[in-house]
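One structure below.
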Amino acid sequence: MNDFIGGPLPLWAEILTAVFAVLGAAFAAIGSFGLVRLPTFFRRIHAPTLGATLGVWCMTLATIVYFSVQGLSLFLHAALIALFIALTAPVTTIFLMRAALFRERQKGGDVPPA
């Protein structure tokens, strides 16, 4: 038998976990809809980046609350995932924006002001 799995969660932990999980899913969905609905690349790039980052942070908080209460000790392993996403998503977005800006300028297209 696994000693890690305890009994049912207290009501406050279930509610907090559910709120963070639903918020994370909502942020991810909003980011996905923004990717589909916004008209240009320069507007479209922000929605998935913000949605993914906020969604991962909320899901990470839900995971930390759930496993900390379930295991009766602070569970911070999931924070490494959120930290990795928080560091890589904005950097990737910057590189994609610069590449798109470079291509648009070479084509003589309409680019956002600097």
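Each chain in the structure tokens gets a letter, A, B, ..., in the order shown, and its residues are numbered from 1; ligands are numbered from 1 in order too.
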Need the shell around range 78-90 of chain A: protein/DNA/RNA residues with any atom at most 12 Å away, counting only C-alpha atoms. Skip same-chain ones fewer than 2 positions apart. Format as number ranges by chain? A: 24, 45-68, 74-76, 92-97
Store the residues of this selection in a file with N, CA and C atoms, as a compact mmCIF listing (two decimals), in the first residue's frame.
```txt
# COMPACT_ATOMS: atom_id res chain seq x y z
N GLY A 24 -7.03 27.86 -14.48
CA GLY A 24 -5.97 27.47 -15.42
C GLY A 24 -6.53 27.03 -16.76
N ILE A 45 0.10 36.81 -31.34
CA ILE A 45 1.19 36.17 -30.59
C ILE A 45 1.03 36.33 -29.08
N HIS A 46 0.37 37.39 -28.63
CA HIS A 46 0.28 37.65 -27.19
C HIS A 46 -0.69 36.72 -26.47
N ALA A 47 -1.81 36.42 -27.08
CA ALA A 47 -2.84 35.64 -26.40
C ALA A 47 -2.37 34.25 -25.96
N PRO A 48 -1.75 33.45 -26.84
CA PRO A 48 -1.32 32.13 -26.37
C PRO A 48 -0.20 32.20 -25.34
N THR A 49 0.66 33.19 -25.46
CA THR A 49 1.76 33.29 -24.49
C THR A 49 1.22 33.61 -23.10
N LEU A 50 0.35 34.61 -23.02
CA LEU A 50 -0.22 34.96 -21.73
C LEU A 50 -1.14 33.86 -21.21
N GLY A 51 -1.94 33.28 -22.10
CA GLY A 51 -2.83 32.21 -21.69
C GLY A 51 -2.08 30.99 -21.19
N ALA A 52 -1.03 30.62 -21.88
CA ALA A 52 -0.25 29.46 -21.46
C ALA A 52 0.46 29.72 -20.13
N THR A 53 1.03 30.90 -20.00
CA THR A 53 1.77 31.20 -18.76
C THR A 53 0.82 31.26 -17.56
N LEU A 54 -0.27 31.99 -17.69
CA LEU A 54 -1.22 32.09 -16.57
C LEU A 54 -1.90 30.75 -16.30
N GLY A 55 -2.21 30.02 -17.36
CA GLY A 55 -2.82 28.70 -17.20
C GLY A 55 -1.92 27.73 -16.47
N VAL A 56 -0.65 27.73 -16.83
CA VAL A 56 0.31 26.83 -16.17
C VAL A 56 0.50 27.23 -14.71
N TRP A 57 0.56 28.54 -14.44
CA TRP A 57 0.71 28.97 -13.05
C TRP A 57 -0.49 28.53 -12.20
N CYS A 58 -1.70 28.68 -12.73
CA CYS A 58 -2.88 28.27 -11.96
C CYS A 58 -2.93 26.76 -11.77
N MET A 59 -2.61 26.00 -12.81
CA MET A 59 -2.58 24.54 -12.67
C MET A 59 -1.49 24.11 -11.68
N THR A 60 -0.38 24.82 -11.69
CA THR A 60 0.69 24.50 -10.75
C THR A 60 0.25 24.77 -9.31
N LEU A 61 -0.44 25.88 -9.10
CA LEU A 61 -0.95 26.17 -7.76
C LEU A 61 -1.96 25.11 -7.31
N ALA A 62 -2.81 24.66 -8.24
CA ALA A 62 -3.75 23.59 -7.91
C ALA A 62 -3.01 22.32 -7.53
N THR A 63 -1.96 21.99 -8.27
CA THR A 63 -1.17 20.80 -7.98
C THR A 63 -0.47 20.92 -6.63
N ILE A 64 0.10 22.09 -6.36
CA ILE A 64 0.80 22.29 -5.09
C ILE A 64 -0.17 22.16 -3.91
N VAL A 65 -1.35 22.77 -4.02
CA VAL A 65 -2.33 22.67 -2.93
C VAL A 65 -2.76 21.22 -2.75
N TYR A 66 -3.10 20.54 -3.83
CA TYR A 66 -3.60 19.17 -3.73
C TYR A 66 -2.57 18.24 -3.10
N PHE A 67 -1.36 18.23 -3.65
CA PHE A 67 -0.37 17.27 -3.17
C PHE A 67 0.23 17.68 -1.82
N SER A 68 0.22 18.96 -1.49
CA SER A 68 0.69 19.37 -0.17
C SER A 68 -0.27 18.92 0.92
N LEU A 74 4.87 20.20 2.27
CA LEU A 74 4.87 21.15 1.16
C LEU A 74 5.44 20.51 -0.10
N PHE A 75 4.69 20.55 -1.18
CA PHE A 75 5.06 19.93 -2.45
C PHE A 75 5.37 21.04 -3.45
N LEU A 76 6.65 21.27 -3.71
CA LEU A 76 7.04 22.36 -4.59
C LEU A 76 7.66 21.88 -5.90
N THR A 92 10.64 32.96 -26.09
CA THR A 92 10.21 32.41 -27.38
C THR A 92 9.35 33.42 -28.12
N THR A 93 8.46 34.08 -27.41
CA THR A 93 7.60 35.09 -28.03
C THR A 93 8.41 36.24 -28.61
N ILE A 94 9.41 36.68 -27.88
CA ILE A 94 10.25 37.77 -28.38
C ILE A 94 10.96 37.35 -29.66
N PHE A 95 11.52 36.14 -29.68
CA PHE A 95 12.22 35.68 -30.89
C PHE A 95 11.26 35.53 -32.07
N LEU A 96 10.06 35.02 -31.84
CA LEU A 96 9.08 34.90 -32.91
C LEU A 96 8.66 36.27 -33.43
N MET A 97 8.47 37.22 -32.53
CA MET A 97 8.08 38.58 -32.95
C MET A 97 9.19 39.24 -33.76
```
Quick one: pick out all helix (DSSP H, G or I) residues within chain A from a backbone DSSP run and write them as a ChimeraX atom specification. /A:11-37,41-44,46-71,78-107
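The space separating CA of Pro113 in chain A from CA of Val91 in chain A comes to 20.4 Å.
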Long-range neighbours of Glu104 in chain A as number ranges by chain, 12 Å cut-off, only C-alpha atoms, 6 positions minimum in chain: A: 40-42, 97-98, 110-112
Just the selected residues (C-alpha atoms), exported as a PDB file, in the first residue's frame, please.
```
ATOM      1  CA  THR A  40      -2.691  39.703 -37.427  1.00  0.00           C
ATOM      2  CA  PHE A  41       0.354  37.790 -36.259  1.00  0.00           C
ATOM      3  CA  PHE A  42       1.531  40.667 -34.109  1.00  0.00           C
ATOM      4  CA  MET A  97       8.085  38.576 -32.951  1.00  0.00           C
ATOM      5  CA  ARG A  98      11.538  39.681 -34.063  1.00  0.00           C
ATOM      6  CA  ASP A 110       3.020  47.171 -42.853  1.00  0.00           C
ATOM      7  CA  VAL A 111       4.735  46.724 -39.490  1.00  0.00           C
ATOM      8  CA  PRO A 112       3.762  48.009 -36.055  1.00  0.00           C
TER       9      PRO A 112
END
```
Can you work out the spacing between CA of Phe20 in chain A and CA of Pro8 in chain A in Å, to one decimal?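 Computing the Euclidean distance for CA of Phe20 in chain A and CA of Pro8 in chain A yields 18.3 Å.
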How many Å separate CA of Leu11 in chain A from CA of Val69 in chain A?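 Going from CA of Leu11 in chain A over to CA of Val69 in chain A, I get 11.0 Å.
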